[in-house]
>>> print(open('work27.txt').read())   # compact mmCIF, C-alpha atoms
# COMPACT_ATOMS: atom_id res chain seq x y z
CA MET A 1327 225.30 -19.74 71.62
CA ARG A 1328 221.83 -20.68 72.57
CA ASN A 1329 221.12 -24.41 72.59
CA SER A 1330 224.49 -25.45 70.88
CA ALA A 1331 227.97 -25.35 72.31
CA VAL A 1332 255.63 -20.70 73.34
CA HIS A 1333 264.60 -25.22 73.36
CA ALA A 1334 264.17 -22.39 73.45
CA VAL A 1335 266.19 -20.34 75.78
CA ARG A 1336 265.87 -16.71 76.45
CA ARG A 1337 269.51 -15.85 77.08
CA GLY A 1338 270.26 -14.90 80.63
CA LEU A 1339 267.16 -15.38 82.69
CA LEU A 1340 264.78 -17.92 81.19
CA CYS A 1341 265.09 -21.68 80.94
CA ALA A 1342 263.17 -24.10 78.82
CA VAL A 1343 259.81 -25.41 79.82
CA SER A 1344 259.43 -29.06 78.91
CA CYS A 1345 256.30 -30.69 77.66
CA ALA A 1346 255.32 -33.02 80.43
CA THR A 1347 252.36 -35.00 79.33
CA LEU A 1348 252.69 -35.95 75.68
CA SER A 1349 252.20 -39.60 74.82
CA ALA A 1350 254.97 -41.76 76.27
CA ALA A 1351 255.68 -43.08 72.78
CA LEU A 1352 256.62 -39.62 71.58
CA PRO A 1353 259.86 -37.73 72.27
CA ALA A 1354 259.65 -34.84 74.72
CA ALA A 1355 259.12 -31.45 73.10
CA SER A 1356 259.95 -27.95 74.28
CA ALA A 1357 256.97 -25.95 75.43
CA VAL A 1358 258.56 -22.48 75.14
CA THR A 1359 260.66 -21.40 72.17
CA PRO A 1360 261.68 -18.01 70.66
CA ALA A 1361 259.09 -16.79 68.22
CA THR A 1362 261.85 -15.79 65.78
CA ALA A 1363 263.21 -19.35 65.59
CA PRO A 1364 261.97 -21.75 62.90
CA ARG A 1365 258.56 -23.09 63.72
CA PRO A 1366 259.09 -26.06 66.04
CA VAL A 1367 258.83 -29.50 64.55
CA ALA A 1368 257.26 -31.34 67.44
CA PRO A 1369 254.58 -33.97 67.91
CA GLN A 1370 251.18 -32.43 68.34
CA PRO A 1371 249.36 -33.50 71.47
CA LYS A 1372 246.40 -35.74 70.97
CA GLU A 1373 242.91 -34.28 70.76
CA ALA A 1374 239.72 -35.44 72.42
CA ALA A 1375 236.16 -34.23 72.07
CA ARG A 1376 235.68 -34.52 75.82
CA LEU A 1377 238.17 -34.26 78.67
CA PRO A 1378 236.73 -35.01 82.11
CA PHE A 1379 237.80 -32.58 84.79
CA THR A 1380 240.86 -33.80 86.74
CA PRO A 1381 243.27 -32.11 89.17
CA ARG A 1382 246.13 -30.27 87.46
CA TYR A 1383 247.74 -28.73 90.56
CA GLU A 1384 247.15 -29.08 94.29
CA ALA A 1385 249.13 -27.65 97.21
CA THR A 1386 248.77 -26.56 100.80
CA LEU A 1387 250.99 -23.55 101.43
CA HIS A 1388 251.15 -19.95 102.58
CA GLY A 1389 250.17 -18.12 99.40
CA GLY A 1390 247.43 -17.96 96.82
CA VAL A 1391 246.32 -18.08 93.20
CA VAL A 1392 246.21 -15.16 90.74
CA ARG A 1393 245.34 -14.95 87.09
CA ALA A 1394 245.54 -12.73 84.00
CA ALA A 1395 243.03 -13.06 81.20
CA ASN A 1396 241.65 -11.41 78.09
CA SER A 1397 239.62 -12.12 75.01
CA SER A 1398 241.07 -12.61 71.51
CA ALA A 1399 237.92 -11.84 69.55
CA THR A 1400 235.35 -9.08 69.62
CA GLY A 1401 232.41 -7.70 67.71
CA ALA A 1402 233.19 -5.94 64.45
CA THR A 1403 230.98 -2.96 65.25
CA GLY A 1404 231.48 -2.73 69.02
CA ALA A 1405 227.73 -2.67 69.57
CA GLU A 1406 227.07 -6.42 69.83
CA SER A 1407 225.51 -7.76 73.01
CA VAL A 1408 225.78 -11.50 72.15
CA ASN A 1409 227.95 -13.37 69.67
CA ASP A 1410 225.15 -15.38 68.05
CA GLY A 1411 224.77 -14.08 64.48
CA ALA A 1412 227.27 -11.26 65.12
CA THR A 1413 230.19 -10.44 62.88
CA ILE A 1414 233.32 -11.30 64.88
CA ALA A 1415 236.66 -9.53 64.46
CA TYR A 1416 240.09 -10.05 66.00
CA VAL A 1417 241.45 -8.15 68.99
CA ASP A 1418 244.96 -6.99 68.00
CA VAL A 1419 246.72 -4.53 70.31
CA ASP A 1420 250.40 -5.05 69.44
CA SER A 1421 252.39 -3.30 66.70
CA ASP A 1422 253.57 -6.57 65.13
CA PRO A 1423 252.28 -7.00 61.55
CA ASN A 1424 252.90 -10.75 61.83
CA THR A 1425 250.18 -11.31 64.43
CA TYR A 1426 246.51 -11.32 63.56
CA ASN A 1427 245.27 -11.25 67.15
CA SER A 1428 246.79 -10.13 70.45
CA SER A 1429 245.60 -8.87 73.81
CA ARG A 1430 247.14 -7.96 77.17
CA ALA A 1431 246.41 -8.36 80.86
CA GLU A 1432 248.18 -7.87 84.17
CA LEU A 1433 249.19 -10.80 86.39
CA ARG A 1434 249.21 -9.45 89.95
CA VAL A 1435 251.72 -11.64 91.79
CA PRO A 1436 252.21 -10.00 95.21
CA SER A 1437 255.54 -8.28 95.86
CA GLY A 1438 257.94 -10.67 97.60
CA ALA A 1439 256.07 -13.78 96.51
CA ARG A 1440 257.60 -16.73 94.64
CA VAL A 1441 255.64 -18.32 91.80
CA SER A 1442 255.40 -22.05 92.46
CA TRP A 1443 253.35 -23.05 89.40
CA ALA A 1444 251.81 -21.39 86.34
CA ARG A 1445 249.80 -22.56 83.36
CA LEU A 1446 248.43 -20.84 80.26
CA TYR A 1447 245.02 -21.82 78.89
CA TRP A 1448 243.73 -20.69 75.50
CA GLY A 1449 240.86 -21.61 73.22
CA GLY A 1450 237.96 -20.55 71.05
CA ASN A 1451 235.85 -21.36 68.03
CA LEU A 1452 237.53 -22.33 64.73
CA ARG A 1453 234.42 -22.06 62.59
CA VAL A 1454 232.71 -18.73 62.08
CA GLY A 1455 232.74 -17.02 58.68
CA GLU A 1456 236.12 -18.66 58.12
CA GLN A 1457 237.36 -22.11 59.13
CA LYS A 1458 240.71 -22.21 60.94
CA PRO A 1459 242.87 -25.39 60.74
CA PRO A 1460 242.92 -27.30 64.03
CA ALA A 1461 246.62 -28.07 63.48
CA ASP A 1462 247.32 -24.62 64.94
CA ASN A 1463 245.30 -25.17 68.12
CA GLY A 1464 248.38 -26.19 70.11
CA ARG A 1465 250.50 -23.09 69.57
CA VAL A 1466 250.28 -19.46 70.71
CA LEU A 1467 252.71 -16.59 71.31
CA ILE A 1468 253.35 -15.10 74.73
CA ALA A 1469 255.38 -12.08 75.83
CA GLU A 1470 256.20 -11.37 79.46
CA PRO A 1471 256.11 -7.72 80.61
CA GLY A 1472 258.76 -5.86 78.61
CA GLY A 1473 259.74 -9.04 76.74
CA GLN A 1474 259.51 -10.44 73.23
CA TYR A 1475 257.16 -13.08 71.90
CA LYS A 1476 257.95 -16.73 72.51
CA ALA A 1477 255.96 -19.61 71.08
CA VAL A 1478 254.14 -21.78 73.60
CA LEU A 1479 253.28 -25.34 72.61
CA ALA A 1480 250.50 -27.27 74.25
CA ASP A 1481 251.86 -30.03 76.49
CA SER A 1482 248.79 -32.16 77.11
CA THR A 1483 245.70 -33.42 75.32
CA ILE A 1484 243.76 -30.68 73.55
CA GLY A 1485 240.03 -30.57 73.95
CA HIS A 1486 238.46 -30.21 70.48
CA ARG A 1487 234.85 -30.83 69.58
CA THR A 1488 232.89 -30.07 66.43
CA ALA A 1489 229.15 -30.01 67.01
CA ASP A 1490 226.01 -27.99 66.37
CA GLY A 1491 227.67 -25.46 64.04
CA ALA A 1492 230.67 -24.78 66.26
CA ASP A 1493 234.27 -26.07 66.19
CA ALA A 1494 235.49 -25.45 69.74
CA PHE A 1495 238.84 -26.16 71.40
CA GLN A 1496 240.98 -25.50 74.45
CA ALA A 1497 244.75 -26.09 74.81
CA SER A 1498 247.17 -25.41 77.67
CA ALA A 1499 250.85 -25.47 78.64
CA ASP A 1500 253.04 -25.18 81.73
CA VAL A 1501 254.79 -21.79 81.79
CA THR A 1502 256.08 -21.82 85.37
CA GLU A 1503 259.71 -20.87 84.66
CA LEU A 1504 258.69 -18.06 82.36
CA VAL A 1505 256.30 -16.55 84.87
CA ARG A 1506 258.65 -17.11 87.83
CA SER A 1507 261.43 -15.01 86.22
CA ALA A 1508 259.21 -12.27 84.83
CA GLN A 1509 258.81 -8.72 86.05
CA PRO A 1510 255.44 -7.27 87.08
CA GLY A 1511 253.23 -5.82 84.38
CA LEU A 1512 251.13 -6.70 81.39
CA TRP A 1513 251.41 -10.08 79.66
CA THR A 1514 250.59 -10.34 75.95
CA VAL A 1515 249.17 -13.44 74.27
CA ALA A 1516 248.84 -13.59 70.47
CA GLN A 1517 247.86 -15.95 67.67
CA VAL A 1518 245.12 -17.75 69.56
CA ASN A 1519 243.61 -19.93 66.83
CA VAL A 1520 240.17 -18.40 66.62
CA ALA A 1521 238.10 -17.53 63.57
CA MET A 1522 236.46 -14.30 62.53
CA GLY A 1523 233.35 -13.66 60.51
CA ARG A 1524 229.69 -14.43 61.07
CA SER A 1525 227.68 -17.52 61.89
CA ALA A 1526 224.48 -18.36 63.68
CA VAL A 1527 226.34 -19.73 66.71
CA GLY A 1528 228.90 -16.93 66.81
CA GLY A 1529 232.64 -16.75 67.39
CA TRP A 1530 234.61 -16.48 70.62
CA GLY A 1531 238.09 -16.96 72.06
CA GLY A 1532 240.55 -15.90 74.74
CA TRP A 1533 243.28 -16.88 77.19
CA THR A 1534 243.85 -17.16 80.92
CA LEU A 1535 247.21 -17.35 82.72
CA VAL A 1536 246.84 -18.97 86.17
CA ALA A 1537 249.68 -18.78 88.72
CA ALA A 1538 250.06 -20.18 92.24
CA TYR A 1539 252.50 -18.38 94.53
CA GLU A 1540 254.09 -18.74 97.97
CA LYS A 1541 254.35 -15.88 100.45
CA ALA A 1542 255.22 -16.43 104.10
CA ASP A 1543 252.98 -13.74 105.58
CA GLU A 1544 249.81 -14.95 103.88
CA PRO A 1545 247.45 -17.50 105.47
CA LEU A 1546 247.93 -21.21 105.04
CA ARG A 1547 245.66 -22.12 102.15
CA ARG A 1548 244.56 -25.05 100.07
CA LEU A 1549 245.21 -24.30 96.39
CA ALA A 1550 243.78 -26.38 93.58
CA VAL A 1551 243.44 -26.17 89.79
CA TRP A 1552 241.35 -28.54 87.72
CA ASP A 1553 241.01 -28.58 83.95
CA GLY A 1554 239.21 -30.48 81.24
CA PHE A 1555 236.94 -29.82 78.29
CA GLU A 1556 233.30 -30.39 78.99
CA ALA A 1557 230.31 -29.27 76.96
CA LEU A 1558 227.37 -28.10 79.01
CA GLY A 1559 223.82 -27.60 77.83
CA PRO A 1560 220.49 -29.34 77.62
CA LYS A 1561 222.10 -32.75 77.06
CA ASN A 1562 224.80 -32.46 79.75
CA ARG A 1563 223.51 -30.10 82.37
CA GLU A 1564 226.17 -30.14 85.10
CA VAL A 1565 229.89 -30.61 85.77
CA SER A 1566 230.79 -31.63 89.32
CA VAL A 1567 234.34 -31.35 90.75
CA PRO A 1568 235.20 -32.67 94.24
CA LEU A 1569 238.08 -31.75 96.56
CA ALA A 1570 238.86 -33.51 99.85
CA LEU A 1571 240.84 -31.60 102.48
CA GLY A 1572 241.98 -34.65 104.43
CA ALA A 1573 242.87 -33.71 108.00
CA ASP A 1574 242.46 -29.99 107.24
CA ARG A 1575 239.36 -28.08 108.22
CA ILE A 1576 237.88 -24.75 107.21
CA PRO A 1577 238.37 -22.22 110.04
CA GLN A 1578 235.76 -19.84 111.35
CA GLY A 1579 235.33 -16.85 109.04
CA ALA A 1580 237.47 -18.38 106.29
CA ASP A 1581 237.97 -16.51 103.05
CA GLY A 1582 238.43 -18.02 99.61
CA ARG A 1583 238.33 -17.43 95.87
CA LEU A 1584 237.04 -19.56 93.03
CA GLY A 1585 237.96 -18.96 89.39
CA ILE A 1586 236.32 -20.29 86.25
CA VAL A 1587 237.33 -20.37 82.57
CA GLY A 1588 234.60 -21.01 80.02
CA TYR A 1589 233.61 -20.49 76.41
CA ASP A 1590 230.47 -19.32 74.60
CA GLY A 1591 228.46 -18.25 77.59
CA ASP A 1592 225.86 -15.79 76.34
CA ARG A 1593 224.94 -12.68 78.25
CA GLY A 1594 221.23 -12.72 78.87
CA THR A 1595 220.66 -16.46 78.50
CA SER A 1596 219.54 -17.53 81.94
CA GLY A 1597 219.84 -20.81 83.78
CA ASP A 1598 223.61 -21.27 84.12
CA TYR A 1599 224.79 -21.43 87.74
CA LEU A 1600 227.87 -21.99 89.91
CA ALA A 1601 227.50 -23.61 93.32
CA VAL A 1602 229.88 -24.62 96.10
CA GLU A 1603 229.02 -27.37 98.56
CA THR A 1604 231.03 -27.72 101.76
CA ALA A 1605 230.59 -30.89 103.77
CA LEU A 1606 231.29 -32.29 107.21
CA ALA A 1607 230.40 -35.93 107.81
CA LYS A 1608 226.99 -36.37 106.16
CA SER A 1609 225.98 -32.72 106.45
CA VAL A 1610 226.27 -30.61 103.29
CA THR A 1611 225.86 -26.85 102.93
CA ARG A 1612 225.21 -25.52 99.43
CA SER A 1613 225.87 -21.91 98.34
CA VAL A 1614 225.01 -20.57 94.90
CA ILE A 1615 227.82 -18.20 93.88
CA SER A 1616 227.19 -14.83 92.26
CA ASP A 1617 228.29 -11.20 92.43
CA SER A 1618 227.40 -7.80 91.03
CA ALA A 1619 228.74 -8.71 87.57
CA ASN A 1620 227.60 -12.34 87.40
CA SER A 1621 224.06 -13.12 88.44
CA ALA A 1622 223.12 -16.38 90.11
CA ASP A 1623 221.25 -17.59 87.00
CA ASP A 1624 223.60 -16.19 84.30
CA VAL A 1625 227.10 -16.82 85.64
CA MET A 1626 228.54 -17.60 82.18
CA ASN A 1627 227.83 -14.18 80.74
CA SER A 1628 230.86 -13.15 78.63
CA SER A 1629 232.83 -11.34 81.34
CA ILE A 1630 236.32 -11.08 82.87
CA THR A 1631 235.82 -9.97 86.45
CA GLU A 1632 237.10 -10.37 89.99
CA SER A 1633 234.63 -10.20 92.86
CA GLY A 1634 232.20 -8.42 90.58
CA THR A 1635 234.60 -5.74 89.33
CA SER A 1636 237.09 -5.33 86.49
CA ARG A 1637 240.12 -4.86 88.79
CA MET A 1638 242.63 -6.37 86.39
CA GLU A 1639 244.37 -4.04 83.95
CA ARG A 1640 243.59 -5.27 80.44
CA LEU A 1641 244.09 -4.05 76.88
CA PRO A 1642 241.51 -3.91 75.51
CA ALA A 1643 239.22 -3.90 78.53
CA HIS A 1644 235.90 -4.84 76.92
CA GLN A 1645 233.19 -5.39 79.52
CA ASN A 1646 231.35 -7.80 77.24
CA THR A 1647 233.83 -10.35 75.89
CA LEU A 1648 231.30 -11.98 73.55
CA GLY A 1649 231.58 -15.59 74.59
CA TYR A 1650 234.71 -15.73 76.76
CA ASP A 1651 234.48 -16.01 80.54
CA SER A 1652 237.33 -15.81 83.05
CA ASP A 1653 235.85 -14.82 86.40
CA VAL A 1654 237.02 -14.99 90.02
CA PHE A 1655 234.40 -15.18 92.75
CA ASP A 1656 234.66 -14.33 96.43
CA LEU A 1657 233.79 -17.34 98.59
CA ARG A 1658 233.58 -15.53 101.92
CA GLY A 1659 230.42 -16.76 103.56
CA ALA A 1660 230.28 -19.89 101.39
CA LEU A 1661 232.98 -21.82 103.29
CA ARG A 1662 231.45 -23.69 106.18
CA HIS A 1663 233.33 -23.75 109.47
CA GLY A 1664 234.78 -27.21 110.12
CA ALA A 1665 234.15 -28.56 106.61
CA ASP A 1666 236.65 -31.09 105.24
CA ARG A 1667 235.30 -31.42 101.69
CA PHE A 1668 234.34 -29.19 98.76
CA HIS A 1669 232.16 -29.86 95.79
CA ILE A 1670 232.04 -27.36 92.92
CA ARG A 1671 229.09 -27.61 90.58
CA LEU A 1672 228.56 -25.71 87.33
CA GLY A 1673 225.34 -26.19 85.43
CA SER A 1674 223.88 -24.79 82.22
CA PRO A 1675 220.57 -26.36 81.25
CA GLU A 1676 219.70 -23.66 78.69
CA ASP A 1677 222.90 -21.97 77.44
CA ALA A 1678 225.37 -24.25 75.61
CA VAL A 1679 228.89 -23.58 76.94
CA TRP A 1680 232.28 -25.28 77.22
CA LEU A 1681 234.04 -25.38 80.57
CA GLY A 1682 237.87 -25.34 80.49
CA ALA A 1683 239.33 -24.76 83.98
CA LEU A 1684 238.53 -24.10 87.62
CA PHE A 1685 240.92 -22.78 90.29
CA LEU A 1686 240.48 -22.42 94.02
CA GLN A 1687 242.16 -20.95 97.08
CA ALA A 1688 240.64 -21.58 100.50
CA ASP A 1689 241.93 -20.48 103.88
CA LEU A 1690 242.96 -23.20 106.31
CA GLU A 1691 243.79 -20.76 109.11
CA PRO A 1692 242.54 -17.32 110.07
CA ASN A 1693 244.07 -14.42 108.16
CA ARG A 1694 246.90 -13.01 110.33
CA ARG A 1695 246.26 -9.48 109.14
CA ASP A 1696 242.61 -9.73 110.11
CA LEU A 1697 243.58 -11.01 113.55
CA ALA A 1698 246.06 -8.16 114.01
CA ASP A 1699 243.43 -5.62 112.99
CA ALA A 1700 240.98 -7.14 115.45
CA HIS A 1701 243.42 -6.66 118.33
CA ASP A 1702 244.31 -3.04 117.48
>>> encode(input="work27.txt", output="structure tokens")
Amino acid sequence: MRNSAVHAVRRGLLCAVSCATLSAALPAASAVTPATAPRPVAPQPKEAARLPFTPRYEATLHGGVVRAANSSATGATGAESVNDGATIAYVDVDSDPNTYNSSRAELRVPSGARVSWARLYWGGNLRVGEQKPPADNGRVLIAEPGGQYKAVLADSTIGHRTADGADAFQASADVTELVRSAQPGLWTVAQVNVAMGRSAVGGWGGWTLVAAYEKADEPLRRLAVWDGFEALGPKNREVSVPLALGADRIPQGADGRLGIVGYDGDRGTSGDYLAVETALAKSVTRSVISDSANSADDVMNSSITESGTSRMERLPAHQNTLGYDSDVFDLRGALRHGADRFHIRLGSPEDAVWLGALFLQADLEPNRRDLADAHD
């Protein structure tokens, strides 16, 4: 909007995923449970209107980061260009009459790789023409490729803020064991707690599944995921996230990828930007990040892309996701040789948006395949 902002065991292969970060005073709760079981009676994570960005996962390994994502809401007519004032409807691609929204996307873990960590993020707006109860923010359904729905329960503090006509939230949960044992293909996420209808600020919602993997023949890389819940706009113009590499350095010609998850970015509202700063000693090099699908001054533009294209298989595959962003940017050329520090900056002085997660992979050695090609 403009100027506003799954103990349960799947028999055989899957094991339970435990909630890791509920309040210490509360008993541990299962994060993944069969959808056909009685609804879990478990403590709800706390909520906060603002969650500063903090590291969720960091590793240095041979491997990378991949993600699947899709929106849970869409325009009722299919002709909307922005969600402000539009009538919002649910996306619902499954054949289950018990779900009111569902969407699918492919998670492209390379063949032969081992998933080392995975997390599901979901969120949206609870107040559009209808008002959804926030008690359901911490639960969604997920189905691995060829599998049945399981309920995922949020395992850490939920970001939830009501302001300026919107009622926005983001929740997340560790789903490493589920993703590690899954087959390739399309993942389905359903029952994201988003509202439909019409309001001046519009409706939005979606999900992103982020996975880090290990694979011996890939370059040594620094992997990092940060999450939080920060409102950006005229009153809070920038979020800044640092990463120190310690003794590691960026090699000559290094490649990298940077992913972003955000809510309510409007296509056509200019001013929002994404920048990467790489530093060595007191010298800092700044690169504003953009691609063919995300311009330098409208990076939060309701899109799900990878290096400017829609490479990921999704159902549905709307090009304009009406307020949900999950984009991956190519950092080749933005990673300074010899740098030992990163700084990621996202700003939005005009468009009011919520930022939910960032994820990074950056080469710490030359790509072996590139070197082999160079010697052929």
>>> closest_residue(input="work27.txt", among="A:Asp1581, A:Glu1373, A:Glu1632, A:Glu1432", to="Thr1488 (chain A)", atoms="only C-alpha atoms")
A:Glu1373
>>> atom_distance(input="work27.txt", atom1="CA of Ala1678 (chain A)", atom2="CA of Gly1588 (chain A)")
10.7 Å
>>> atom_distance(input="work27.txt", atom1="CA of Tyr1447 (chain A)", atom2="CA of Gln1496 (chain A)")
7.0 Å
>>> residues_near_point(input="work27.txt", point="(238.4, -12.1, 94.9)", cutoff="8 Å", atoms="only C-alpha atoms", output="ChimeraX atom specification")
/A:1582-1584,1632-1633,1654-1657
>>> atom_distance(input="work27.txt", atom1="CA of Leu1535 (chain A)", atom2="CA of Ala1444 (chain A)")
7.1 Å
>>> closest_residue(input="work27.txt", among="A:Val1679, A:Tyr1599, A:Ile1576, A:Arg1671", to="Asn1451 (chain A)", atoms="all atoms listed in the file")
A:Val1679
>>> residues_around(input="work27.txt", residues="Asn1562 (chain A)", least_positions_apart="3", cutoff="12 Å", atoms="only C-alpha atoms", output="VMD selection string")
chain A and resid 1329 to 1331 1376 1556 to 1559 1565 to 1566 1672 to 1681
>>> write_last_selection(input="work27.txt", atoms="C-alpha atoms", output="PDB file, keeping the file's coordinate frame")
ATOM      1  CA  ASN A1329     221.120 -24.410  72.590  1.00  0.00           C
ATOM      2  CA  SER A1330     224.490 -25.450  70.880  1.00  0.00           C
ATOM      3  CA  ALA A1331     227.970 -25.350  72.310  1.00  0.00           C
ATOM      4  CA  ARG A1376     235.680 -34.520  75.820  1.00  0.00           C
ATOM      5  CA  GLU A1556     233.300 -30.390  78.990  1.00  0.00           C
ATOM      6  CA  ALA A1557     230.310 -29.270  76.960  1.00  0.00           C
ATOM      7  CA  LEU A1558     227.370 -28.100  79.010  1.00  0.00           C
ATOM      8  CA  GLY A1559     223.820 -27.600  77.830  1.00  0.00           C
ATOM      9  CA  VAL A1565     229.890 -30.610  85.770  1.00  0.00           C
ATOM     10  CA  SER A1566     230.790 -31.630  89.320  1.00  0.00           C
ATOM     11  CA  LEU A1672     228.560 -25.710  87.330  1.00  0.00           C
ATOM     12  CA  GLY A1673     225.340 -26.190  85.430  1.00  0.00           C
ATOM     13  CA  SER A1674     223.880 -24.790  82.220  1.00  0.00           C
ATOM     14  CA  PRO A1675     220.570 -26.360  81.250  1.00  0.00           C
ATOM     15  CA  GLU A1676     219.700 -23.660  78.690  1.00  0.00           C
ATOM     16  CA  ASP A1677     222.900 -21.970  77.440  1.00  0.00           C
ATOM     17  CA  ALA A1678     225.370 -24.250  75.610  1.00  0.00           C
ATOM     18  CA  VAL A1679     228.890 -23.580  76.940  1.00  0.00           C
ATOM     19  CA  TRP A1680     232.280 -25.280  77.220  1.00  0.00           C
ATOM     20  CA  LEU A1681     234.040 -25.380  80.570  1.00  0.00           C
TER      21      LEU A1681
END
>>> residues_around(input="work27.txt", residues="region 1412-1425 of chain A", least_positions_apart="5", cutoff="10 Å", atoms="all atoms listed in the file", output="JSON, numbers by chain")
{"A": [1396, 1397, 1398, 1399, 1400, 1401, 1402, 1403, 1404, 1405, 1406, 1407, 1430, 1454, 1455, 1467, 1514, 1515, 1516, 1517, 1518, 1520, 1521, 1522, 1523, 1524, 1525, 1526, 1527, 1528, 1529, 1530, 1531, 1532, 1641, 1642, 1648]}
>>> closest_residue(input="work27.txt", among="A:Val1567, A:Arg1440, A:Thr1359, A:Ser1609", to="Asp1553 (chain A)", atoms="only C-alpha atoms")
A:Val1567
>>> closest_residue(input="work27.txt", among="A:Pro1371, A:Gly1450, A:Gly1585, A:Gly1664", to="Ala1499 (chain A)", atoms="only C-alpha atoms")
A:Pro1371
